[in-house]
$ cat input.cif   # mmCIF, C-alpha atoms
data_model
loop_
_atom_site.label_atom_id
_atom_site.label_comp_id
_atom_site.auth_asym_id
_atom_site.auth_seq_id
_atom_site.Cartn_x
_atom_site.Cartn_y
_atom_site.Cartn_z
CA MET G 23 -21.17 78.22 48.16
CA ALA G 24 -22.25 76.19 45.14
CA THR G 25 -23.75 72.70 45.15
CA VAL G 26 -22.66 69.40 43.64
CA ASN G 27 -25.39 66.74 43.38
CA ASN G 28 -27.50 68.81 45.82
CA VAL G 29 -24.65 68.73 48.37
CA PRO G 30 -23.17 72.08 49.54
CA SER G 31 -19.83 72.48 47.80
CA ILE G 32 -16.89 74.81 48.41
CA ASN G 33 -15.42 76.75 45.50
CA VAL G 34 -11.62 76.58 45.87
CA LEU G 35 -9.05 78.25 43.63
CA PHE G 36 -5.73 76.39 43.79
CA ILE G 37 -2.58 78.27 42.77
CA CYS G 38 0.21 76.04 41.44
CA HIS G 39 3.45 77.26 39.91
CA GLU G 40 5.12 74.37 38.06
CA GLU G 41 5.63 74.95 34.33
CA GLY G 42 7.23 71.70 33.13
CA ASN G 43 6.80 68.15 34.44
CA MET G 44 4.76 67.99 37.61
CA GLY G 45 6.68 67.61 40.86
CA GLY G 46 5.63 66.08 44.14
CA GLY G 47 3.79 69.20 45.34
CA SER G 48 1.56 69.28 42.26
CA TYR G 49 0.81 65.55 42.39
CA SER G 50 -0.08 65.92 46.07
CA MET G 51 -2.36 68.85 45.25
CA PHE G 52 -4.30 66.70 42.79
CA ASN G 53 -4.50 63.87 45.35
CA MET G 54 -5.91 66.44 47.78
CA ILE G 55 -8.49 67.57 45.23
CA ASN G 56 -9.39 63.97 44.42
CA SER G 57 -9.97 63.21 48.10
CA VAL G 58 -12.64 65.96 48.40
CA ARG G 59 -14.12 65.82 44.89
CA ASP G 60 -17.65 65.34 46.28
CA HIS G 61 -17.41 68.48 48.42
CA VAL G 62 -15.19 70.90 46.50
CA ASN G 63 -15.45 72.64 43.15
CA PRO G 64 -11.77 73.01 42.15
CA PHE G 65 -10.40 75.77 39.93
CA ILE G 66 -6.72 75.80 38.97
CA LEU G 67 -4.51 78.86 38.43
CA THR G 68 -1.13 78.12 36.87
CA LYS G 69 1.48 80.21 35.09
CA ALA G 70 2.00 78.11 31.94
CA GLU G 71 0.49 75.33 29.85
CA GLY G 72 2.76 72.68 31.35
CA GLY G 73 2.18 69.47 33.27
CA VAL G 74 -0.25 71.00 35.79
CA TYR G 75 -2.35 72.56 33.04
CA ILE G 76 -2.47 69.31 31.04
CA HIS G 77 -3.41 67.19 34.05
CA ALA G 78 -6.07 69.66 35.24
CA LYS G 79 -7.69 69.78 31.81
CA LYS G 80 -7.62 65.99 31.62
CA CYS G 81 -9.48 65.86 34.95
CA GLY G 82 -12.02 68.39 33.68
CA TYR G 83 -11.08 71.11 36.20
CA PRO G 84 -11.58 74.74 35.06
CA THR G 85 -8.07 76.08 34.54
CA ILE G 86 -6.71 79.61 34.14
CA VAL G 87 -3.25 80.37 32.77
CA GLN G 88 -1.85 83.73 33.85
CA LYS G 89 1.74 84.82 34.13
CA PHE G 90 2.97 85.50 37.67
CA ASN G 91 6.37 85.73 39.33
CA LEU G 92 7.61 83.48 42.11
CA ASN G 93 9.11 84.79 45.33
CA LEU G 94 12.66 83.75 44.42
CA ALA G 95 15.77 85.91 44.50
CA ASN G 96 19.16 85.45 42.86
CA LYS G 97 21.37 83.07 44.85
CA ASN G 98 24.33 85.45 44.57
CA ARG G 99 24.11 87.93 47.46
CA PHE G 100 25.69 90.79 45.53
CA LYS G 101 23.36 90.39 42.54
CA ARG G 102 20.40 89.98 44.91
CA TRP G 103 21.24 93.31 46.54
CA ILE G 104 21.76 95.11 43.19
CA TYR G 105 18.48 93.90 41.69
CA HIS G 106 16.39 93.97 44.87
CA PHE G 107 14.38 97.15 44.21
CA PRO G 108 13.85 96.57 40.45
CA ARG G 109 12.76 93.03 41.23
CA LEU G 110 10.20 94.24 43.81
CA VAL G 111 8.74 96.67 41.27
CA LEU G 112 8.59 94.01 38.53
CA ASP G 113 7.02 91.35 40.76
CA ASN G 114 4.47 93.79 42.11
CA TYR G 115 3.46 94.86 38.59
CA ILE G 116 3.22 91.33 37.13
CA ASN G 117 1.46 89.76 40.12
CA ASN G 118 -1.01 92.66 40.47
CA LEU G 119 -1.84 92.29 36.79
CA CYS G 120 -2.42 88.56 37.37
CA ILE G 121 -4.72 89.34 40.32
CA LYS G 122 -6.69 91.83 38.27
CA ARG G 123 -7.19 89.39 35.39
CA VAL G 124 -8.09 86.46 37.64
CA ALA G 125 -10.61 88.61 39.54
CA LYS G 126 -12.19 89.50 36.20
CA GLU G 127 -12.41 85.79 35.29
CA PHE G 128 -14.38 85.12 38.47
CA SER G 129 -16.61 88.17 38.35
CA GLY G 130 -19.65 85.89 38.03
CA CYS G 131 -18.48 83.10 40.35
CA LYS G 132 -17.93 83.28 44.11
CA ILE G 133 -14.63 81.79 45.22
CA ASP G 134 -14.76 80.70 48.86
CA ILE G 135 -11.09 79.81 49.38
CA VAL G 136 -7.82 80.60 47.63
CA HIS G 137 -5.42 77.72 48.31
CA THR G 138 -1.77 78.60 47.67
CA ASN G 139 0.09 75.37 46.94
CA SER G 140 3.67 76.45 47.72
CA ALA G 141 5.77 78.80 49.84
CA LEU G 142 7.23 80.11 46.56
CA ILE G 143 3.94 81.83 45.67
CA SER G 144 3.47 85.02 47.69
CA PHE G 145 0.42 86.78 46.20
CA GLY G 146 -2.27 84.27 47.23
CA GLY G 147 -3.39 86.29 50.25
CA LYS G 148 -3.74 89.46 48.17
CA LEU G 149 -5.75 87.57 45.54
CA ALA G 150 -7.98 86.11 48.28
CA ARG G 151 -8.72 89.59 49.62
CA ARG G 152 -9.56 90.80 46.11
CA LEU G 153 -11.98 87.89 45.68
CA ASP G 154 -13.39 88.32 49.22
CA ALA G 155 -12.26 84.76 49.96
CA LYS G 156 -10.38 82.99 52.73
CA HIS G 157 -6.72 82.10 52.20
CA VAL G 158 -4.99 78.78 52.88
CA TRP G 159 -1.20 78.68 52.50
CA HIS G 160 0.23 75.18 51.98
CA LEU G 161 3.91 74.92 52.97
CA ARG G 162 5.39 72.01 51.06
CA GLU G 163 9.10 72.85 51.20
CA PHE G 164 11.84 74.23 53.42
CA MET G 165 12.89 76.41 50.47
CA ASN G 166 16.45 77.16 51.61
CA LEU G 167 17.40 73.72 52.96
CA ASP G 168 16.00 71.49 50.23
CA PHE G 169 16.17 73.73 47.15
CA LYS G 170 18.76 76.34 48.25
CA LEU G 171 16.29 79.14 47.44
CA THR G 172 15.86 82.60 48.96
CA PRO G 173 12.73 84.83 49.01
CA VAL G 174 13.04 88.24 47.36
CA GLU G 175 12.45 90.13 50.61
CA GLY G 176 14.00 87.52 52.89
CA PHE G 177 12.60 84.87 55.20
CA TYR G 178 11.54 87.22 57.99
CA LYS G 179 9.17 89.13 55.70
CA LEU G 180 7.85 85.94 54.09
CA LYS G 181 7.10 84.36 57.48
CA LYS G 182 5.17 87.50 58.46
CA GLU G 183 3.09 87.23 55.28
CA ILE G 184 2.39 83.56 55.92
CA GLN G 185 1.08 84.38 59.41
CA HIS G 186 -1.70 86.51 57.91
CA SER G 187 -3.29 83.48 56.22
CA ASP G 188 -6.61 82.16 57.49
CA ALA G 189 -5.05 78.70 57.69
CA ILE G 190 -1.50 77.40 57.28
CA ILE G 191 -0.78 73.78 56.41
CA ALA G 192 2.68 72.24 56.80
CA ILE G 193 3.29 68.80 55.30
CA THR G 194 5.46 67.57 58.21
CA ASN G 195 6.43 68.65 61.71
CA ALA G 196 9.88 69.50 60.35
CA VAL G 197 8.36 71.98 57.87
CA PHE G 198 5.98 73.27 60.58
CA GLU G 199 8.90 74.13 62.86
CA HIS G 200 11.06 75.49 60.04
CA TRP G 201 8.46 78.16 59.23
CA GLY G 202 7.89 79.04 62.89
CA CYS G 203 4.30 77.83 63.10
CA GLN G 204 4.52 76.57 66.68
CA ASN G 205 2.61 79.49 68.23
CA MET G 206 -0.02 79.90 65.51
CA GLN G 207 -3.51 78.65 66.35
CA ASN G 208 -4.46 78.50 62.67
CA ALA G 209 -1.48 76.30 61.65
CA TYR G 210 -1.77 72.56 61.07
CA VAL G 211 0.48 69.61 60.28
CA LEU G 212 -1.18 67.53 57.59
CA TYR G 213 0.79 64.83 55.78
CA ASN G 214 0.19 64.70 52.03
CA ALA G 215 -2.38 62.41 50.53
CA VAL G 216 -0.35 60.27 48.13
CA ARG G 217 -2.56 57.40 46.95
CA SER G 218 -5.91 55.74 47.55
CA LYS G 219 -5.77 52.82 49.96
CA GLU G 220 -6.91 50.70 47.00
CA ASP G 221 -3.44 51.18 45.44
CA ILE G 222 -1.64 49.21 48.16
CA CYS G 223 0.19 46.23 46.68
CA PHE G 224 3.10 43.86 47.38
CA ILE G 225 5.06 41.69 44.95
CA THR G 226 6.94 39.16 47.08
CA GLU G 227 9.42 38.05 44.41
CA LYS G 228 11.62 41.08 43.92
CA GLU G 229 14.01 41.73 41.05
CA LYS G 230 17.69 42.39 41.61
CA TYR G 231 17.81 46.16 41.65
CA VAL G 232 17.72 49.00 44.17
CA LEU G 233 15.79 52.15 43.22
CA PHE G 234 16.69 55.81 43.63
CA CYS G 235 13.96 58.19 42.49
CA ALA G 236 13.79 62.00 42.25
CA GLY G 237 12.50 64.61 39.84
CA PHE G 238 16.13 65.62 39.31
CA VAL G 239 19.00 63.27 40.07
CA CYS G 240 21.46 65.52 41.90
CA ASP G 241 23.55 65.98 45.05
CA GLU G 242 20.73 67.88 46.80
CA LYS G 243 18.63 64.72 46.60
CA GLY G 244 21.54 62.53 47.71
CA ALA G 245 22.08 60.75 44.40
CA ASP G 246 25.84 60.58 44.98
CA VAL G 247 25.28 59.23 48.50
CA ALA G 248 22.99 56.53 47.09
CA ALA G 249 25.80 55.39 44.81
CA GLU G 250 28.27 55.22 47.68
CA ILE G 251 25.82 53.22 49.83
CA PHE G 252 25.00 50.81 47.02
CA PHE G 253 28.61 50.05 46.06
CA MET G 254 29.84 49.91 49.66
CA SER G 255 27.17 47.29 50.44
CA ASN G 256 28.78 44.87 47.93
CA ILE G 257 25.38 43.70 46.68
CA ALA G 258 26.54 44.52 43.14
CA GLN G 259 28.65 41.37 43.46
CA LEU G 260 25.38 39.46 43.94
CA GLY G 261 24.05 40.75 40.61
CA TYR G 262 22.11 43.79 41.90
CA LYS G 263 21.94 47.06 39.98
CA LEU G 264 21.29 50.62 41.13
CA VAL G 265 18.48 52.17 39.07
CA TYR G 266 18.20 55.96 38.86
CA ALA G 267 14.71 57.26 37.94
CA GLY G 268 14.57 61.00 37.23
CA ASN G 269 16.00 63.73 35.03
CA CYS G 270 19.79 63.50 35.03
CA SER G 271 22.26 65.70 33.15
CA GLN G 272 25.14 64.19 31.21
CA VAL G 273 27.61 66.01 33.47
CA TYR G 274 26.03 64.48 36.58
CA ARG G 275 26.00 61.02 34.99
CA GLN G 276 29.73 61.32 34.58
CA LYS G 277 30.06 62.11 38.28
CA LEU G 278 28.11 58.95 39.18
CA GLU G 279 30.16 56.94 36.71
CA LYS G 280 33.34 58.02 38.51
CA ILE G 281 31.88 56.72 41.78
CA SER G 282 31.06 53.36 40.18
CA ALA G 283 34.54 53.21 38.63
CA LYS G 284 36.05 53.73 42.09
CA TYR G 285 34.39 50.48 43.16
CA ASN G 286 35.09 48.68 39.82
CA CYS G 287 31.36 48.34 39.16
CA LEU G 288 30.87 50.23 35.89
CA ASP G 289 27.99 48.04 34.73
CA ALA G 290 26.05 47.99 38.02
CA TYR G 291 23.88 51.07 37.48
CA LYS G 292 21.12 52.11 35.10
CA PHE G 293 19.38 55.39 34.19
CA VAL G 294 15.72 55.16 33.20
CA GLY G 295 14.88 58.89 33.06
CA TYR G 296 11.89 60.72 34.49
CA GLN G 297 8.94 58.41 35.22
CA LYS G 298 5.39 59.74 35.33
CA ASP G 299 4.25 56.47 36.92
CA ILE G 300 6.75 54.87 39.25
CA LYS G 301 4.52 52.02 40.42
CA GLU G 302 5.95 49.16 38.35
CA LEU G 303 9.55 50.06 39.14
CA MET G 304 8.82 50.35 42.87
CA CYS G 305 6.79 47.16 43.10
CA LYS G 306 9.64 45.07 41.75
CA ALA G 307 12.57 46.84 43.45
CA SER G 308 14.35 45.04 46.28
CA ALA G 309 14.84 48.32 48.15
CA PHE G 310 14.26 52.06 47.83
CA LEU G 311 16.91 54.62 48.84
CA MET G 312 15.86 58.01 50.25
CA CYS G 313 19.17 59.83 50.71
CA SER G 314 18.15 63.48 50.69
CA PRO G 315 19.50 65.18 53.83
CA ASN G 316 16.76 67.83 53.85
CA GLU G 317 13.59 66.23 52.51
CA ALA G 318 10.48 68.18 53.50
CA MET G 319 8.37 65.01 53.38
CA GLY G 320 9.35 62.73 50.53
CA ARG G 321 6.37 61.77 48.40
CA VAL G 322 8.36 59.00 46.72
CA THR G 323 9.09 57.52 50.15
CA VAL G 324 5.37 57.21 50.79
CA GLU G 325 4.82 55.78 47.30
CA ALA G 326 7.35 53.08 48.19
CA MET G 327 5.26 52.36 51.30
CA PHE G 328 2.12 51.92 49.19
CA TYR G 329 3.88 49.79 46.58
CA GLY G 330 5.56 47.29 48.88
CA CYS G 331 9.17 48.43 48.44
CA PRO G 332 11.41 48.21 51.56
CA ILE G 333 12.82 51.64 52.42
CA LEU G 334 16.26 52.71 53.60
CA GLY G 335 16.17 56.39 54.51
CA ASN G 336 18.36 59.19 55.80
CA ASN G 337 17.63 59.85 59.48
CA SER G 338 16.80 63.53 58.91
CA GLY G 339 14.12 66.02 57.85
CA GLY G 340 10.66 64.68 57.07
CA THR G 341 12.04 61.20 56.36
CA LYS G 342 12.54 60.43 60.05
CA GLU G 343 8.88 61.34 60.69
CA ILE G 344 7.59 59.03 57.98
CA ILE G 345 9.91 56.11 58.73
CA GLU G 346 9.93 54.48 62.16
CA ASP G 347 13.23 52.64 62.31
CA ARG G 348 12.84 48.86 62.00
CA TYR G 349 9.07 49.20 61.89
CA ASN G 350 8.13 50.43 58.40
CA GLY G 351 11.66 51.01 57.11
CA LEU G 352 15.28 51.41 58.15
CA LEU G 353 17.08 54.68 58.97
CA TYR G 354 20.80 55.36 58.66
CA ASN G 355 23.14 57.97 60.14
CA ASN G 356 26.29 57.34 58.11
CA LEU G 357 27.48 55.60 54.94
CA TYR G 358 28.90 52.53 56.67
CA ASP G 359 25.68 51.84 58.61
CA ALA G 360 23.63 52.44 55.47
CA SER G 361 25.64 49.93 53.44
CA GLN G 362 25.21 47.27 56.14
CA LEU G 363 21.48 47.93 56.36
CA LEU G 364 21.05 47.70 52.58
CA TRP G 365 22.79 44.33 52.63
CA GLU G 366 20.42 43.24 55.40
CA ILE G 367 17.31 44.29 53.45
CA VAL G 368 18.15 42.44 50.25
CA ASN G 369 19.31 39.31 52.07
CA SER G 370 16.42 38.91 54.51
CA LYS G 371 13.02 38.18 53.01
CA GLU G 372 11.56 38.02 56.52
CA LEU G 373 12.74 41.55 57.36
CA SER G 374 11.62 42.85 53.98
CA LYS G 375 8.13 41.41 54.40
CA GLN G 376 7.82 42.78 57.95
CA LEU G 377 8.81 46.30 56.86
CA VAL G 378 6.41 46.23 53.91
CA ASN G 379 3.44 45.01 55.95
CA ASN G 380 3.95 47.74 58.53
CA ALA G 381 4.49 50.32 55.80
CA HIS G 382 1.15 49.38 54.24
CA ALA G 383 -0.62 49.93 57.54
CA LYS G 384 0.99 53.33 58.07
CA ALA G 385 0.40 54.41 54.47
CA GLU G 386 -3.32 53.75 54.76
CA ALA G 387 -3.59 55.39 58.20
CA TYR G 388 -1.65 58.58 57.43
CA PHE G 389 -1.21 59.12 53.69
CA SER G 390 -4.31 57.80 51.94
CA GLU G 391 -6.84 60.03 50.18
CA GLU G 392 -9.58 58.44 52.27
CA ILE G 393 -7.96 59.63 55.52
CA TYR G 394 -7.02 63.03 54.10
CA LYS G 395 -10.56 63.92 53.07
CA SER G 396 -12.01 64.64 56.52
CA LYS G 397 -8.88 66.48 57.67
CA ILE G 398 -8.73 69.02 54.85
CA LEU G 399 -12.52 69.51 54.90
CA ASN G 400 -12.34 70.25 58.64
CA ILE G 401 -9.81 73.01 57.94
CA TYR G 402 -11.90 74.46 55.11
CA ASN G 403 -15.13 74.40 57.12
CA SER G 404 -13.39 75.87 60.17
CA ILE G 405 -12.16 79.00 58.36
CA LEU G 406 -15.50 79.35 56.55
CA GLY G 407 -17.40 79.11 59.85
CA THR G 408 -19.52 76.20 58.63
CA ILE G 409 -18.73 73.87 61.55
#

$ encode --input "input.cif" --output "structure tokens"
Amino acid sequence: MATVNNVPSINVLFICHEEGNMGGGSYSMFNMINSVRDHVNPFILTKAEGGVYIHAKKCGYPTIVQKFNLNLANKNRFKRWIYHFPRLVLDNYINNLCIKRVAKEFSGCKIDIVHTNSALISFGGKLARRLDAKHVWHLREFMNLDFKLTPVEGFYKLKKEIQHSDAIIAITNAVFEHWGCQNMQNAYVLYNAVRSKEDICFITEKEKYVLFCAGFVCDEKGADVAAEIFFMSNIAQLGYKLVYAGNCSQVYRQKLEKISAKYNCLDAYKFVGYQKDIKELMCKASAFLMCSPNEAMGRVTVEAMFYGCPILGNNSGGTKEIIEDRYNGLLYNNLYDASQLLWEIVNSKELSKQLVNNAHAKAEAYFSEEIYKSKILNIYNSILGTI
């Protein structure tokens, strides 16, 4: 191990795959790193000079860019079968070349832990063995349920590979169970660190809009469901708008426009595009809609908790773990109930304030960097044999 300010420090190589704008998994990785910055020397491995690379360089973290392939197969079963063997050969060649080059980069520096930041990256364990390091595999997605993705060699083989890690971290109990971690002694449930407790805030005078936020505005995230809920609630007649924050194709906009036309509310929605910082929008929103039916955790849901935005969420996936109904948010099971609950949120300041206050308490206790620090360090020290 190295030292930082005369304190023993762990050298950790984080592998992150995102090439364009950073998604929730990458932001959560940097929150994790920030929480342990006094105890960990972070190194970042990414496949392109995209958002992860830019952010890592801005933070001053040593960063390596090497091409590697993700463990993703063609969605079409016939094509997946045809290209299966060639794909295995190609992935093996490219990822082994990446391992070789990364090992050369660290020939004069001892890496203690390789931390794979996604289930989509399958060569982390092999790289760890090459570097004589421990391997942590962070499971941040369902893969098939939330993103409709399939591993090259199938889920059975991938689950077997995950089991060989020195430690496995799932971001919710739902993800933990999905990957079959129940009987693994080295598997943990650890909710993402999302913000520092110092970021908690609450603007009492809300503006007349309801917020839907996702990296990509699409059916998989429940964007169409959000529109139905909003227009069925009839709060548009009170002057409220539905604000979509995220990348949205023109074709999908037209789909949402058809939904608004069905309710004769063509001017009651707004698209603001992808937002690197969602704080201002969330602080002022009267409510936040989490409509994804298969959300692994929902980083934006937790951000709404920090920023004092009342939450209405789908009673499924990781959302139902984060939100305790009528305590720190409201949960719905169908469109009609959801529309009634949204009306209740925007028309009851007392309810809104109660939900926000409880959300603040839970955000600090479960999702703050300050809480996360000791938990991730305990896992690191456990596999390194230093506790």

$ resolve_selection --input "input.cif" --expression "the PyMOL selection byres ((chain G and resi 64) around 8)" --output "PyMOL selection string"
chain G and resi 33-36+55+62-63+65-66+83-84

$ closest_residue --input "input.cif" --among "G:Ile184, G:Gly146, G:Cys331, G:Lys219" --to "Phe234 in chain G" --atoms "all atoms listed in the file"
G:Cys331

$ closest_residue --input "input.cif" --among "G:Tyr291, G:Phe164, G:Tyr210, G:Tyr274" --to "Gly340 in chain G" --atoms "all atoms listed in the file"
G:Phe164

$ residues_around --input "input.cif" --residues "Gln362 in chain G" --least-positions-apart "4" --cutoff "9 Å" --atoms "all atoms listed in the file" --output "list in words"
Ile251, Met254, Ser255, Leu357, Tyr358, Glu366 and Ile367 of chain G

$ resolve_selection --input "input.cif" --expression "the PyMOL selection byres ((chain G and resi 58) around 12)" --output "VMD selection string"
chain G and resid 26 31 to 34 51 to 57 59 to 64 215 391 to 400 402

$ residues_near_point --input "input.cif" --point "(21.0, 85.4, 47.0)" --cutoff "12 Å" --atoms "all atoms listed in the file" --output "list in words"
Leu94, Ala95, Asn96, Lys97, Asn98, Arg99, Phe100, Lys101, Arg102, Trp103, Ile104, Tyr105, His106, Asn166, Lys170, Leu171, Thr172, Pro173, Val174, Glu175, Gly176 and Phe177 of chain G

$ resolve_selection --input "input.cif" --expression "the PyMOL selection byres ((chain G and resi 303) around 12)" --output "ChimeraX atom specification"
/G:225,228-235,264-267,294-302,304-310,322,325-326,329-331

$ closest_residue --input "input.cif" --among "G:Cys81, G:Tyr388, G:Ile76, G:Ala290" --to "Phe252 in chain G" --atoms "all atoms listed in the file"
G:Ala290

$ residues_around --input "input.cif" --residues "Asn256 in chain G" --least-positions-apart "2" --cutoff "12 Å" --atoms "only C-alpha atoms" --output "number ranges by chain"
G: 249-254, 258-264, 282, 285-287, 290, 358, 360-366, 368-369

$ closest_residue --input "input.cif" --among "G:Ser314, G:Asn355, G:Thr323, G:Ser48" --to "Ala78 in chain G" --atoms "all atoms listed in the file"
G:Ser48

$ build_atoms --input "input.cif" --residues "range 332-348 of chain G" --atoms "N, CA, C and O atoms" --output "mmCIF file, in the coordinates of the input"
data_model
loop_
_atom_site.group_PDB
_atom_site.id
_atom_site.type_symbol
_atom_site.label_atom_id
_atom_site.label_comp_id
_atom_site.auth_asym_id
_atom_site.auth_seq_id
_atom_site.Cartn_x
_atom_site.Cartn_y
_atom_site.Cartn_z
ATOM 1 N N PRO G 332 10.703 47.921 50.292
ATOM 2 C CA PRO G 332 11.410 48.210 51.560
ATOM 3 C C PRO G 332 12.248 49.482 51.441
ATOM 4 O O PRO G 332 12.935 49.693 50.439
ATOM 5 N N ILE G 333 12.214 50.316 52.481
ATOM 6 C CA ILE G 333 12.820 51.640 52.420
ATOM 7 C C ILE G 333 14.027 51.743 53.349
ATOM 8 O O ILE G 333 13.974 51.346 54.517
ATOM 9 N N LEU G 334 15.105 52.324 52.802
ATOM 10 C CA LEU G 334 16.260 52.710 53.600
ATOM 11 C C LEU G 334 16.391 54.224 53.463
ATOM 12 O O LEU G 334 16.611 54.739 52.360
ATOM 13 N N GLY G 335 16.226 54.945 54.574
ATOM 14 C CA GLY G 335 16.170 56.390 54.510
ATOM 15 C C GLY G 335 17.161 57.104 55.407
ATOM 16 O O GLY G 335 17.584 56.572 56.449
ATOM 17 N N ASN G 336 17.502 58.315 55.013
ATOM 18 C CA ASN G 336 18.360 59.190 55.800
ATOM 19 C C ASN G 336 17.620 59.633 57.067
ATOM 20 O O ASN G 336 16.472 60.095 56.989
ATOM 21 N N ASN G 337 18.255 59.513 58.202
ATOM 22 C CA ASN G 337 17.630 59.850 59.480
ATOM 23 C C ASN G 337 17.629 61.366 59.692
ATOM 24 O O ASN G 337 18.319 61.909 60.566
ATOM 25 N N SER G 338 16.832 62.063 58.865
ATOM 26 C CA SER G 338 16.800 63.530 58.910
ATOM 27 C C SER G 338 15.506 64.039 58.295
ATOM 28 O O SER G 338 14.760 63.285 57.659
ATOM 29 N N GLY G 339 15.246 65.361 58.482
ATOM 30 C CA GLY G 339 14.120 66.020 57.850
ATOM 31 C C GLY G 339 12.792 65.310 58.051
ATOM 32 O O GLY G 339 12.504 64.733 59.111
ATOM 33 N N GLY G 340 11.962 65.338 57.005
ATOM 34 C CA GLY G 340 10.660 64.680 57.070
ATOM 35 C C GLY G 340 10.757 63.175 57.007
ATOM 36 O O GLY G 340 9.832 62.470 57.436
ATOM 37 N N THR G 341 11.880 62.656 56.494
ATOM 38 C CA THR G 341 12.040 61.200 56.360
ATOM 39 C C THR G 341 11.940 60.499 57.718
ATOM 40 O O THR G 341 11.309 59.447 57.848
ATOM 41 N N LYS G 342 12.548 61.072 58.741
ATOM 42 C CA LYS G 342 12.540 60.430 60.050
ATOM 43 C C LYS G 342 11.168 60.497 60.724
ATOM 44 O O LYS G 342 10.942 59.813 61.714
ATOM 45 N N GLU G 343 10.269 61.340 60.198
ATOM 46 C CA GLU G 343 8.880 61.340 60.690
ATOM 47 C C GLU G 343 8.078 60.227 60.026
ATOM 48 O O GLU G 343 7.219 59.604 60.646
ATOM 49 N N ILE G 344 8.343 60.010 58.749
ATOM 50 C CA ILE G 344 7.590 59.030 57.980
ATOM 51 C C ILE G 344 8.030 57.603 58.320
ATOM 52 O O ILE G 344 7.213 56.689 58.442
ATOM 53 N N ILE G 345 9.351 57.442 58.471
ATOM 54 C CA ILE G 345 9.910 56.110 58.730
ATOM 55 C C ILE G 345 10.200 55.926 60.212
ATOM 56 O O ILE G 345 10.959 56.694 60.807
ATOM 57 N N GLU G 346 9.606 54.909 60.802
ATOM 58 C CA GLU G 346 9.930 54.480 62.160
ATOM 59 C C GLU G 346 10.941 53.348 62.033
ATOM 60 O O GLU G 346 10.627 52.293 61.470
ATOM 61 N N ASP G 347 12.129 53.571 62.536
ATOM 62 C CA ASP G 347 13.230 52.640 62.310
ATOM 63 C C ASP G 347 12.892 51.221 62.754
ATOM 64 O O ASP G 347 12.439 50.979 63.873
ATOM 65 N N ARG G 348 13.098 50.297 61.829
ATOM 66 C CA ARG G 348 12.840 48.860 62.000
ATOM 67 C C ARG G 348 11.367 48.532 62.191
ATOM 68 O O ARG G 348 11.024 47.417 62.596
#
